[in-house]
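So this block is final06.cif, mmCIF, C-alpha atoms and all ligand atoms:
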```cif
data_upload
loop_
_atom_site.label_atom_id
_atom_site.label_comp_id
_atom_site.auth_asym_id
_atom_site.auth_seq_id
_atom_site.Cartn_x
_atom_site.Cartn_y
_atom_site.Cartn_z
CA MET A 114 3.98 18.81 35.60
CA GLN A 115 6.58 17.42 37.94
CA ASP A 116 6.51 13.61 38.37
CA LYS A 117 3.64 13.25 35.89
CA GLN A 118 5.81 12.04 33.04
CA MET A 119 4.32 9.03 31.30
CA LEU A 120 6.86 6.99 29.36
CA MET A 121 5.37 5.45 26.26
CA ILE A 122 8.66 4.82 24.53
CA PRO A 123 9.86 1.25 23.95
CA GLY A 124 12.38 1.38 26.77
CA PRO A 125 13.03 2.50 29.31
CA THR A 126 9.51 1.59 30.31
CA PRO A 127 7.52 2.62 33.42
CA VAL A 128 8.52 1.09 36.75
CA PRO A 129 5.93 0.06 39.36
CA GLU A 130 6.14 1.65 42.78
CA THR A 131 6.93 -1.67 44.48
CA ALA A 132 10.02 -1.96 42.32
CA LEU A 133 11.00 1.70 42.80
CA LEU A 134 10.90 1.23 46.56
CA ALA A 135 12.95 -1.95 46.30
CA LEU A 136 15.50 -0.09 44.17
CA ALA A 137 15.82 2.53 46.89
CA LYS A 138 17.21 0.02 49.39
CA HIS A 139 20.83 0.16 50.46
CA PRO A 140 23.12 -1.98 48.28
CA ILE A 141 24.15 -5.31 49.77
CA GLY A 142 27.49 -7.09 49.55
CA HIS A 143 27.66 -9.21 46.43
CA ARG A 144 29.68 -11.99 48.07
CA THR A 145 27.16 -12.62 50.82
CA SER A 146 24.61 -15.37 51.30
CA GLU A 147 21.91 -12.71 51.26
CA PHE A 148 22.92 -11.79 47.72
CA SER A 149 23.27 -15.39 46.65
CA GLN A 150 19.80 -16.22 47.87
CA MET A 151 18.31 -13.25 46.02
CA MET A 152 20.18 -14.07 42.81
CA GLY A 153 19.08 -17.70 43.02
CA GLU A 154 15.47 -16.65 43.22
CA VAL A 155 15.80 -14.13 40.39
CA THR A 156 17.52 -16.70 38.17
CA GLN A 157 14.79 -19.28 38.78
CA ASN A 158 12.13 -16.76 37.88
CA LEU A 159 14.01 -15.63 34.79
CA LYS A 160 14.02 -19.24 33.61
CA TRP A 161 10.29 -19.34 34.18
CA LEU A 162 9.87 -16.16 32.12
CA TYR A 163 12.10 -17.51 29.35
CA GLN A 164 10.30 -20.87 29.48
CA THR A 165 13.61 -22.67 29.64
CA HIS A 166 15.80 -25.08 31.57
CA ASN A 167 18.88 -23.50 29.96
CA ASP A 168 21.19 -21.11 31.77
CA VAL A 169 19.92 -17.55 31.95
CA LEU A 170 22.86 -15.28 32.73
CA MET A 171 22.79 -11.68 33.90
CA LEU A 172 25.27 -9.09 32.64
CA THR A 173 25.78 -5.53 33.77
CA SER A 174 25.04 -3.97 30.40
CA SER A 175 22.31 -2.65 28.19
CA GLY A 176 20.79 -4.96 25.59
CA THR A 177 23.57 -4.30 23.11
CA GLY A 178 26.19 -5.66 25.51
CA ALA A 179 24.16 -8.85 25.74
CA MET A 180 23.91 -8.94 21.92
CA GLU A 181 27.68 -8.66 21.58
CA ALA A 182 28.18 -11.41 24.17
CA ALA A 183 25.69 -13.61 22.30
CA MET A 184 27.78 -13.29 19.16
CA ILE A 185 31.38 -13.52 20.34
CA ASN A 186 31.00 -16.43 22.75
CA PHE A 187 29.76 -18.95 20.23
CA LEU A 188 31.36 -17.98 16.91
CA SER A 189 34.81 -17.52 15.39
CA PRO A 190 36.28 -15.02 12.90
CA GLY A 191 35.14 -15.73 9.35
CA ASP A 192 32.12 -17.82 10.35
CA ARG A 193 29.22 -17.51 7.96
CA ILE A 194 26.06 -16.22 9.63
CA LEU A 195 22.63 -15.21 8.40
CA VAL A 196 21.26 -12.03 9.92
CA GLY A 197 17.65 -10.94 9.50
CA CYS A 198 17.60 -7.21 8.77
CA ASN A 199 14.32 -5.32 8.64
CA GLY A 200 15.04 -2.47 11.00
CA LYS A 201 17.61 -0.74 13.15
CA PHE A 202 18.18 -3.60 15.57
CA GLY A 203 18.61 -6.21 12.86
CA GLU A 204 21.12 -3.83 11.24
CA ARG A 205 22.91 -3.55 14.57
CA TRP A 206 23.51 -7.31 14.65
CA GLY A 207 25.01 -6.99 11.18
CA GLU A 208 27.28 -4.16 12.33
CA VAL A 209 28.53 -6.06 15.37
CA GLY A 210 29.19 -9.13 13.23
CA GLU A 211 31.12 -7.14 10.63
CA ILE A 212 33.25 -5.39 13.21
CA TYR A 213 34.30 -8.78 14.56
CA GLY A 214 35.07 -10.12 11.10
CA LEU A 215 32.20 -12.55 10.76
CA ASN A 216 31.01 -13.41 7.26
CA VAL A 217 27.64 -11.66 7.56
CA GLU A 218 24.95 -12.49 5.04
CA LYS A 219 21.93 -10.29 5.44
CA ILE A 220 18.40 -11.41 4.72
CA THR A 221 16.48 -8.22 4.38
CA ALA A 222 12.94 -6.93 4.23
CA GLU A 223 11.77 -3.38 3.84
CA TRP A 224 11.51 -1.52 7.14
CA GLY A 225 7.92 -1.93 8.29
CA LYS A 226 7.57 -5.40 6.75
CA SER A 227 8.39 -8.75 8.35
CA LEU A 228 11.17 -11.10 7.28
CA ASN A 229 10.19 -13.83 4.83
CA PRO A 230 10.99 -17.18 6.50
CA GLU A 231 11.28 -18.89 3.09
CA LEU A 232 14.39 -16.87 2.29
CA PHE A 233 16.02 -18.42 5.35
CA ALA A 234 14.82 -21.88 4.29
CA GLN A 235 16.44 -21.45 0.85
CA LYS A 236 19.82 -20.46 2.28
CA LEU A 237 19.77 -23.14 4.96
CA GLN A 238 18.64 -25.94 2.66
CA GLY A 239 21.23 -24.91 0.06
CA ASP A 240 24.04 -25.09 2.62
CA LYS A 241 25.06 -28.72 2.09
CA GLN A 242 28.50 -28.16 3.61
CA LYS A 243 26.91 -26.84 6.81
CA GLN A 244 28.91 -23.65 6.73
CA ILE A 245 26.23 -21.48 8.26
CA LYS A 246 27.07 -21.29 11.94
CA ALA A 247 24.26 -19.10 13.19
CA VAL A 248 21.00 -17.47 12.19
CA ILE A 249 20.26 -14.26 14.02
CA ILE A 250 16.73 -12.97 14.29
CA THR A 251 15.33 -9.87 15.92
CA HIS A 252 11.96 -11.10 17.15
CA ASN A 253 10.23 -7.79 17.82
CA GLU A 254 11.88 -5.19 15.59
CA THR A 255 11.39 -2.24 17.93
CA SER A 256 12.41 0.38 15.38
CA THR A 257 9.41 -0.36 13.16
CA GLY A 258 6.88 -2.11 15.42
CA VAL A 259 7.12 -5.37 13.48
CA ILE A 260 7.18 -8.91 14.84
CA ASN A 261 9.08 -11.52 12.84
CA ASP A 262 7.95 -15.13 12.49
CA LEU A 263 10.56 -16.60 14.79
CA GLU A 264 8.71 -19.88 15.21
CA THR A 265 8.86 -20.74 11.51
CA ILE A 266 12.41 -19.53 11.00
CA SER A 267 13.62 -21.49 14.04
CA THR A 268 12.08 -24.63 12.53
CA TYR A 269 14.26 -24.22 9.43
CA VAL A 270 17.36 -23.67 11.53
CA ARG A 271 16.59 -26.83 13.49
CA GLU A 272 16.30 -28.80 10.23
CA HIS A 273 19.71 -27.46 9.18
CA GLY A 274 21.14 -29.03 12.31
CA GLU A 275 24.44 -27.17 12.56
CA ALA A 276 23.54 -23.50 12.90
CA LEU A 277 22.67 -21.91 16.20
CA THR A 278 19.52 -19.84 16.54
CA ILE A 279 20.47 -16.53 18.16
CA VAL A 280 17.53 -14.33 19.05
CA ASP A 281 17.12 -10.71 19.97
CA ALA A 282 14.07 -11.02 22.19
CA VAL A 283 14.78 -7.72 23.90
CA THR A 284 11.22 -6.42 23.54
CA SER A 285 9.60 -9.86 23.35
CA ILE A 286 10.36 -11.42 26.72
CA GLY A 287 7.60 -10.45 29.09
CA ALA A 288 5.34 -9.29 26.27
CA VAL A 289 4.88 -12.09 23.78
CA ASN A 290 5.31 -15.86 23.81
CA VAL A 291 8.96 -16.92 23.38
CA PRO A 292 9.11 -20.60 24.38
CA THR A 293 12.89 -20.90 24.40
CA ASP A 294 13.06 -24.68 24.87
CA GLU A 295 10.08 -25.60 22.71
CA TRP A 296 11.47 -23.64 19.77
CA SER A 297 15.08 -24.76 20.47
CA LEU A 298 16.37 -21.22 20.68
CA ASP A 299 20.07 -21.46 21.50
CA VAL A 300 20.93 -17.95 22.59
CA VAL A 301 18.22 -15.51 23.63
CA VAL A 302 19.02 -11.92 24.54
CA SER A 303 17.02 -9.35 26.45
CA ALA A 304 17.42 -6.32 28.73
CA SER A 305 15.89 -5.01 31.95
CA GLN A 306 14.42 -1.72 30.71
CA LYS A 307 11.88 -3.38 28.41
CA GLY A 308 9.23 -5.91 29.49
CA TYR A 309 10.85 -6.45 32.89
CA MET A 310 9.57 -3.18 34.38
CA VAL A 311 12.90 -2.14 35.90
CA PRO A 312 15.39 0.55 34.81
CA PRO A 313 18.20 -0.08 32.30
CA GLY A 314 21.41 -1.80 33.38
CA LEU A 315 20.88 -5.55 33.25
CA GLY A 316 21.33 -7.62 30.12
CA PHE A 317 20.16 -11.23 29.95
CA VAL A 318 21.44 -14.11 27.85
CA ALA A 319 19.88 -17.58 27.81
CA VAL A 320 22.29 -20.25 26.57
CA SER A 321 21.44 -23.80 25.42
CA SER A 322 23.70 -26.84 25.77
CA LYS A 323 24.21 -26.78 22.00
CA ALA A 324 25.51 -23.22 22.29
CA TRP A 325 27.83 -24.24 25.15
CA GLU A 326 29.21 -26.94 22.84
CA ALA A 327 29.93 -24.24 20.26
CA TYR A 328 31.53 -22.14 22.99
CA LYS A 329 34.29 -24.72 23.37
CA THR A 330 35.67 -24.04 19.90
CA ALA A 331 34.75 -20.34 19.57
CA LYS A 332 37.81 -18.20 19.01
CA PHE A 333 37.00 -14.54 19.62
CA PRO A 334 38.97 -12.97 22.47
CA LYS A 335 36.75 -11.90 25.35
CA TYR A 336 37.09 -10.98 28.97
CA TYR A 337 34.24 -9.02 30.55
CA LEU A 338 31.77 -10.61 28.15
CA ASP A 339 33.13 -14.15 28.49
CA LEU A 340 29.93 -15.97 29.37
CA ASP A 341 31.66 -18.97 30.89
CA ARG A 342 32.71 -16.72 33.79
CA TYR A 343 29.05 -15.92 34.37
CA ARG A 344 28.01 -19.53 34.08
CA GLN A 345 30.58 -20.68 36.61
CA ALA A 346 29.78 -17.94 39.10
CA ALA A 347 26.06 -18.58 38.64
CA GLN A 348 26.48 -22.16 39.81
CA ASN A 349 26.69 -20.70 43.31
CA ASN A 350 24.36 -17.82 42.49
CA PHE A 351 27.08 -15.21 42.22
CA THR A 352 28.35 -12.97 39.44
CA PRO A 353 31.99 -12.74 38.32
CA PHE A 354 32.06 -8.95 38.69
CA THR A 355 30.17 -6.43 40.82
CA PRO A 356 26.54 -6.58 39.67
CA PRO A 357 23.90 -3.85 39.93
CA MET A 358 22.35 -5.59 42.94
CA ASN A 359 19.80 -2.82 43.40
CA LEU A 360 18.41 -3.53 39.95
CA MET A 361 18.35 -7.21 40.76
CA VAL A 362 16.36 -6.56 43.93
CA GLY A 363 13.95 -4.46 41.86
CA LEU A 364 13.74 -7.26 39.33
CA GLN A 365 12.97 -9.71 42.12
CA THR A 366 9.78 -7.74 42.83
CA THR A 367 8.67 -7.39 39.21
CA LEU A 368 9.30 -11.06 38.43
CA GLU A 369 7.15 -11.88 41.44
CA MET A 370 4.43 -9.62 40.02
CA MET A 371 4.70 -11.36 36.67
CA LYS A 372 4.44 -14.78 38.27
CA GLN A 373 1.34 -13.70 40.12
CA ALA A 374 -0.20 -12.58 36.83
CA GLY A 375 0.91 -15.65 34.84
CA LEU A 376 2.42 -15.77 31.36
CA GLU A 377 -0.87 -16.20 29.52
CA SER A 378 -2.36 -13.16 31.17
CA ILE A 379 0.73 -11.05 30.38
CA PHE A 380 0.66 -12.05 26.71
CA THR A 381 -3.09 -11.46 26.48
CA ARG A 382 -2.74 -8.00 28.00
CA HIS A 383 -0.04 -6.98 25.51
CA GLN A 384 -2.18 -8.28 22.68
CA ARG A 385 -5.14 -6.28 23.94
CA LEU A 386 -3.07 -3.11 24.38
CA MET A 387 -1.77 -3.49 20.84
CA GLN A 388 -5.23 -4.00 19.38
CA ALA A 389 -6.69 -1.07 21.29
CA THR A 390 -3.84 1.21 20.23
CA ARG A 391 -4.15 0.21 16.61
CA ALA A 392 -7.92 0.60 16.64
CA GLY A 393 -7.53 4.07 18.13
CA ILE A 394 -4.97 5.12 15.54
CA LYS A 395 -7.11 3.78 12.69
CA ALA A 396 -10.12 5.70 13.99
CA LEU A 397 -8.02 8.88 13.90
CA ASN A 398 -7.25 8.14 10.25
CA LEU A 399 -3.53 8.00 10.84
CA PRO A 400 -1.69 5.32 8.84
CA LEU A 401 -0.15 2.46 10.82
CA PHE A 402 3.41 1.74 9.72
CA ALA A 403 3.15 -2.07 9.99
CA ASP A 404 0.36 -4.34 8.74
CA ASP A 405 -1.94 -6.08 11.22
CA SER A 406 -0.38 -9.39 10.18
CA CYS A 407 3.04 -8.49 11.59
CA ALA A 408 2.17 -5.96 14.28
CA SER A 409 4.33 -6.08 17.40
CA PRO A 410 2.50 -6.46 20.72
CA ALA A 411 5.16 -4.26 22.33
CA ILE A 412 5.12 -1.19 20.14
CA THR A 413 2.99 0.52 17.52
CA ALA A 414 4.54 2.73 14.86
CA VAL A 415 2.42 5.42 13.21
CA ALA A 416 3.28 7.21 9.97
CA PRO A 417 1.26 10.44 9.74
CA GLN A 418 1.10 11.77 6.20
CA LYS A 419 -0.09 15.35 6.35
CA ILE A 420 1.15 16.33 9.77
CA SER A 421 4.59 16.09 11.26
CA ALA A 422 5.23 13.10 13.52
CA ASP A 423 7.67 15.17 15.53
CA ALA A 424 5.17 18.03 15.96
CA ILE A 425 2.75 15.49 17.42
CA ARG A 426 5.38 14.12 19.78
CA THR A 427 6.44 17.57 20.92
CA LEU A 428 2.88 18.60 21.73
CA MET A 429 2.07 15.27 23.41
CA HIS A 430 4.96 15.93 25.72
CA LYS A 431 4.29 19.60 26.28
CA ARG A 432 0.56 19.37 26.88
CA PHE A 433 0.18 15.92 28.46
CA ASP A 434 3.62 14.82 29.71
CA ILE A 435 3.45 11.76 27.49
CA ALA A 436 6.76 10.70 25.96
CA LEU A 437 6.47 8.95 22.58
CA ALA A 438 9.43 7.74 20.54
CA GLY A 439 10.37 9.05 17.12
CA GLY A 440 11.70 7.27 14.06
CA GLN A 441 15.30 6.11 13.68
CA ASN A 442 17.71 6.37 10.75
CA HIS A 443 15.82 7.15 7.51
CA LEU A 444 12.53 7.13 9.45
CA THR A 445 13.59 10.10 11.58
CA GLY A 446 10.71 12.60 11.58
CA LYS A 447 8.56 10.21 9.51
CA ILE A 448 7.06 8.00 12.18
CA LEU A 449 6.23 8.08 15.85
CA ARG A 450 6.25 5.01 18.04
CA ILE A 451 3.96 4.24 20.94
CA GLY A 452 5.40 1.80 23.45
CA HIS A 453 2.90 -0.43 25.24
CA LEU A 454 5.37 -2.74 26.85
CA GLY A 455 5.72 -3.82 30.47
CA PHE A 456 3.98 -1.85 33.19
CA VAL A 457 1.23 -0.52 30.92
CA SER A 458 -2.48 -0.77 31.58
CA ASP A 459 -5.70 -0.27 29.62
CA ARG A 460 -6.01 3.19 31.15
CA ASP A 461 -2.65 4.26 29.71
CA ILE A 462 -3.77 3.46 26.17
CA LEU A 463 -7.06 5.24 26.64
CA CYS A 464 -5.23 8.23 28.02
CA CYS A 465 -2.70 8.22 25.18
CA ILE A 466 -5.29 8.11 22.40
CA ALA A 467 -7.50 10.71 24.10
CA SER A 468 -4.48 13.01 24.45
CA LEU A 469 -3.57 12.35 20.85
CA GLU A 470 -7.03 13.50 19.80
CA GLY A 471 -6.47 16.77 21.63
CA VAL A 472 -3.07 17.26 20.04
CA LEU A 473 -4.35 16.49 16.52
CA GLN A 474 -7.13 19.03 16.94
CA GLU A 475 -4.64 21.61 18.14
CA LEU A 476 -2.48 20.91 15.09
CA GLY A 477 -5.49 21.45 12.85
CA TRP A 478 -5.82 17.87 11.64
CA GLU A 479 -9.35 17.52 10.31
CA GLY A 480 -9.16 13.95 9.10
CA PHE A 481 -11.13 12.51 12.00
CA THR A 482 -14.22 13.05 14.08
CA PRO A 483 -13.24 13.99 17.64
CA GLY A 484 -14.15 11.23 20.07
CA THR A 485 -13.89 8.35 17.60
CA GLY A 486 -10.42 7.35 18.78
CA VAL A 487 -11.58 7.04 22.36
CA VAL A 488 -14.66 5.09 21.34
CA ALA A 489 -12.55 2.67 19.29
CA VAL A 490 -10.11 2.12 22.16
CA ASN A 491 -12.89 1.48 24.65
CA LYS A 492 -14.54 -0.97 22.32
CA ASN A 493 -11.33 -2.95 22.07
CA LEU A 494 -10.65 -2.89 25.77
CA SER A 495 -14.06 -4.02 26.96
C1 LIG B 501 16.18 -1.87 23.18
C2 LIG B 501 16.57 -2.89 22.21
C3 LIG B 501 17.89 -3.40 22.15
C4 LIG B 501 18.98 -2.99 23.08
O1 LIG B 501 19.25 -1.67 23.14
P1 LIG B 501 20.10 -1.08 24.35
O2 LIG B 501 19.93 0.39 24.19
O3 LIG B 501 21.49 -1.52 24.15
O4 LIG B 501 19.52 -1.64 25.61
C5 LIG B 501 18.17 -4.40 21.24
N1 LIG B 501 17.22 -4.88 20.42
C6 LIG B 501 15.96 -4.44 20.45
C7 LIG B 501 14.96 -5.03 19.52
C8 LIG B 501 15.59 -3.43 21.35
O5 LIG B 501 14.32 -3.00 21.40
#
```

How does the structure come out when it is put into structure tokens?
Amino acid sequence: MQDKQMLMIPGPTPVPETALLALAKHPIGHRTSEFSQMMGEVTQNLKWLYQTHNDVLMLTSSGTGAMEAAMINFLSPGDRILVGCNGKFGERWGEVGEIYGLNVEKITAEWGKSLNPELFAQKLQGDKQKQIKAVIITHNETSTGVINDLETISTYVREHGEALTIVDAVTSIGAVNVPTDEWSLDVVVSASQKGYMVPPGLGFVAVSSKAWEAYKTAKFPKYYLDLDRYRQAAQNNFTPFTPPMNLMVGLQTTLEMMKQAGLESIFTRHQRLMQATRAGIKALNLPLFADDSCASPAITAVAPQKISADAIRTLMHKRFDIALAGGQNHLTGKILRIGHLGFVSDRDILCCIASLEGVLQELGWEGFTPGTGVVAVNKNLS
């Protein structure tokens, strides 16, 4: 049905009407005081969301552009870095690093499992010459629905002293607690189409003073992604190049909404949505891809055994206009992923699981008693 599409993929995520209307406004000049005032307010609120006093810079890019910037501004060719790899986005960090000629050492875990912090501790404690220049962690691994123990890993990096902590918090910010300053996270990356409730197009990078120190000696060539340009322009609340000001105006409204709600309430809601989704899936006797102990509050991956994940997704879309994500790389066709990130309410989860019941029945799946998914969701939401 037209306009009834419900996005339950992990980005882009649904956009509230207030933000859609703000996005529809005429663009404004980006060298005006009107713009500067708006950008100042957005930046302040981004710092609130990131729980930081560090710079939070805005780039016109998707999350990957912000990832690349996070790498090339603070490192030099040949630098040794540790990259946590337990899914597609961790792998992406490795790929970017290798293309730039960094000495990438991967710390891996099976897809669907979380990274073992002790493996980082071993490498960091064994590095007496302080050659490791950065540790890169994907906090919520969106490709598998796994959350990594960033808090513990960041403690080990802090003890090392030299290495920077670079974090992909793309699906964490606005969903789960990421206290940038408290955990001494040096570079934290995110993007607008995830927890921020606005369309794709803005990338965010938070930068600590320690990272700015590293910037001074970093040797990769850079122009558009040179973060010092953004820092300098941001001192007067401007951007070095033409920004997507419409997105920023939309973001102004959603950040205001988030402030009204409060961080605790946002984190609690994502936790509740995750638990309700997982309870619903369990009641339908479909295997969850990640254990409860490392389940991401932003996304739930499901690995159906006897029915095709893609057949489920196709029918969910055809019958109920609900878009679910599929698996990536070797998980293509093997899992489906339910996004519950950003502008998602209790009703959306109830609706998703109820629809899923209908689809499973239509596909002839007899492994569950109709109605049990809905009951389980309601129990977890009340
Ligand atoms: C979405 C996402 C990204 C960025 O992807 P883009 O398509 O470039 O915006 C990076 N890391 C994670 C964990 C993500 O979920």

Selected residue of minimal separation from Ala389 in chain A among A:Val490, A:Ala347, A:Ala467, A:Ile212, counting all atoms listed in the file: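 Looking only at the distances to Ala389 in chain A, the closest residue turns out to be A:Val490.
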
Using only C-alpha atoms: which of A:Gly446, A:Pro123, A:Gly439, A:Gly287 has the shortest distance to Gln418 in chain A: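 That would be A:Gly446, the residue with the smallest distance to Gln418 in chain A.
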
Of the listed residues A:Val259, A:Met371, A:Leu232, A:Ile379, that which approaches Leu401 in chain A most closely, counting all atoms listed in the file: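 Selected residue with least distance to Leu401 in chain A: A:Val259.
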
For Lys395 in chain A: contacts at 12 Å, only C-alpha atoms, fewer than 3 positions along chain excluded, given as a list in words: Gln388, Ala389, Thr390, Arg391, Ala392, Asn398, Leu399, Pro400, Leu401, Phe402, Asp404, Asp405, Thr413, Ala414, Val415, Ala416, Pro417, Ile466, Gly480, Phe481, Thr482, Thr485, Gly486, Val487, Val488, Ala489 and Val490 of chain A

I'd like a table as JSON lines: residues in chain A with an atom no more than 9 Å from ligand LIG 501 (chain B), each row giving the shortest atom pair and its distance in Å to one decimal, only C-alpha atoms and all ligand atoms counted, sorted by chain and rising residue number.
```
{"residue": "A:Pro123", "atom": "CA", "partner": "B:LIG501", "partner_atom": "O5", "distance": 6.7}
{"residue": "A:Gly124", "atom": "CA", "partner": "B:LIG501", "partner_atom": "C1", "distance": 6.2}
{"residue": "A:Pro125", "atom": "CA", "partner": "B:LIG501", "partner_atom": "C1", "distance": 8.2}
{"residue": "A:Ser174", "atom": "CA", "partner": "B:LIG501", "partner_atom": "O3", "distance": 7.6}
{"residue": "A:Ser175", "atom": "CA", "partner": "B:LIG501", "partner_atom": "O4", "distance": 3.9}
{"residue": "A:Gly176", "atom": "CA", "partner": "B:LIG501", "partner_atom": "O4", "distance": 3.6}
{"residue": "A:Thr177", "atom": "CA", "partner": "B:LIG501", "partner_atom": "O3", "distance": 3.6}
{"residue": "A:Gly178", "atom": "CA", "partner": "B:LIG501", "partner_atom": "O3", "distance": 6.4}
{"residue": "A:Ala179", "atom": "CA", "partner": "B:LIG501", "partner_atom": "O3", "distance": 8.0}
{"residue": "A:Met180", "atom": "CA", "partner": "B:LIG501", "partner_atom": "C5", "distance": 7.3}
{"residue": "A:Gly200", "atom": "CA", "partner": "B:LIG501", "partner_atom": "C7", "distance": 8.9}
{"residue": "A:Lys201", "atom": "CA", "partner": "B:LIG501", "partner_atom": "C7", "distance": 8.1}
{"residue": "A:Phe202", "atom": "CA", "partner": "B:LIG501", "partner_atom": "N1", "distance": 5.1}
{"residue": "A:Gly203", "atom": "CA", "partner": "B:LIG501", "partner_atom": "C7", "distance": 7.7}
{"residue": "A:Arg205", "atom": "CA", "partner": "B:LIG501", "partner_atom": "C5", "distance": 8.2}
{"residue": "A:Trp206", "atom": "CA", "partner": "B:LIG501", "partner_atom": "N1", "distance": 8.9}
{"residue": "A:Thr251", "atom": "CA", "partner": "B:LIG501", "partner_atom": "C7", "distance": 6.0}
{"residue": "A:His252", "atom": "CA", "partner": "B:LIG501", "partner_atom": "C7", "distance": 7.2}
{"residue": "A:Asn253", "atom": "CA", "partner": "B:LIG501", "partner_atom": "C7", "distance": 5.7}
{"residue": "A:Glu254", "atom": "CA", "partner": "B:LIG501", "partner_atom": "C7", "distance": 5.0}
{"residue": "A:Thr255", "atom": "CA", "partner": "B:LIG501", "partner_atom": "O5", "distance": 4.6}
{"residue": "A:Ser256", "atom": "CA", "partner": "B:LIG501", "partner_atom": "O5", "distance": 7.2}
{"residue": "A:Asp281", "atom": "CA", "partner": "B:LIG501", "partner_atom": "N1", "distance": 5.8}
{"residue": "A:Ala282", "atom": "CA", "partner": "B:LIG501", "partner_atom": "C7", "distance": 6.6}
{"residue": "A:Val283", "atom": "CA", "partner": "B:LIG501", "partner_atom": "C6", "distance": 4.9}
{"residue": "A:Thr284", "atom": "CA", "partner": "B:LIG501", "partner_atom": "O5", "distance": 5.1}
{"residue": "A:Ser285", "atom": "CA", "partner": "B:LIG501", "partner_atom": "C7", "distance": 8.2}
{"residue": "A:Val302", "atom": "CA", "partner": "B:LIG501", "partner_atom": "C5", "distance": 8.3}
{"residue": "A:Ser303", "atom": "CA", "partner": "B:LIG501", "partner_atom": "C5", "distance": 7.3}
{"residue": "A:Ala304", "atom": "CA", "partner": "B:LIG501", "partner_atom": "O4", "distance": 6.0}
{"residue": "A:Ser305", "atom": "CA", "partner": "B:LIG501", "partner_atom": "O4", "distance": 8.0}
{"residue": "A:Gln306", "atom": "CA", "partner": "B:LIG501", "partner_atom": "O4", "distance": 7.2}
{"residue": "A:Lys307", "atom": "CA", "partner": "B:LIG501", "partner_atom": "C1", "distance": 6.9}
{"residue": "A:Pro313", "atom": "CA", "partner": "B:LIG501", "partner_atom": "O4", "distance": 7.0}
{"residue": "A:Gly314", "atom": "CA", "partner": "B:LIG501", "partner_atom": "O4", "distance": 8.0}
{"residue": "A:Leu315", "atom": "CA", "partner": "B:LIG501", "partner_atom": "O4", "distance": 8.7}
{"residue": "A:Gly316", "atom": "CA", "partner": "B:LIG501", "partner_atom": "O4", "distance": 7.7}
```

Selected residue, from A:Val155, A:Ala327, A:Ile260, A:Val362, that lies nearest to Thr131 in chain A when counting only C-alpha atoms: A:Val362

Nearest to Gln157 in chain A by atom-to-atom distance, counting all atoms listed in the file, from A:Asp262, A:Gln365, A:Asp341, A:His139: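 Among A:Asp262, A:Gln365, A:Asp341, A:His139, it is A:Gln365 that comes nearest to Gln157 in chain A.
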
Nearest-residue call for Leu188 in chain A, choices A:Thr278, A:Asn359, A:Asn261, A:Gln150, using all atoms listed in the file: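 Going through A:Thr278, A:Asn359, A:Asn261, A:Gln150 one by one, the smallest distance to Leu188 in chain A is for A:Thr278.
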
Neighbours of point (22.4, -22.9, 27.5) within 12 Å, using only C-alpha atoms, written as an NGL selection string: :A and (160 or 163 or 165-170 or 183 or 186-187 or 277-279 or 293-294 or 297-302 or 318-328 or 340-341 or 343-344)

Near-Arg193 in chain A list (6 Å; all atoms listed in the file; drop same-chain fewer than 2 positions) as number ranges by chain: A: 216, 245-246

Generate the output file for the selected residues, C-alpha atoms, as a short mmCIF file (atom, residue, chain, number, x, y, z; two decimals), in the coordinates of the input.
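Here's the written file again39.cif:
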```
data_model
loop_
_atom_site.label_atom_id
_atom_site.label_comp_id
_atom_site.auth_asym_id
_atom_site.auth_seq_id
_atom_site.Cartn_x
_atom_site.Cartn_y
_atom_site.Cartn_z
CA ASN A 216 31.01 -13.41 7.26
CA ILE A 245 26.23 -21.48 8.26
CA LYS A 246 27.07 -21.29 11.94
#
```

Residues near Glu154 in chain A, cut-off 12 Å, all atoms listed in the file, skip fewer than 3 positions along chain, as a PyMOL selection string: chain A and resi 147-151+157-161+347+349-351+361-362+364-366+368-369

Interatomic distance (Å, one decimal) between CA of Ala132 in chain A and CA of Ile462 in chain A: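 About the pair CA of Ala132 in chain A and CA of Ile462 in chain A: they are 21.9 Å apart.
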
All residues 12 Å or closer to Gln242 in chain A, all atoms listed in the file, same chain fewer than 6 positions away omitted, as an NGL selection string: :A and (193 or 236 or 273-276)

Non-local contacts of Lys447 in chain A (7 Å; all atoms listed in the file; under 2 positions in same chain excluded) as an MDAnalysis selection string: chainID A and resid 416 422 440 444:445

Return as JSON the centre and edge lengths, in Å with one decimal, of the box along x, y and z that encloses every atom of range 305-316 of chain A in the file, padded by 4 Å per side.
```
{"center_x": 15.3, "center_y": -3.5, "center_z": 32.2, "size_x": 20.2, "size_y": 16.2, "size_z": 15.5}
```
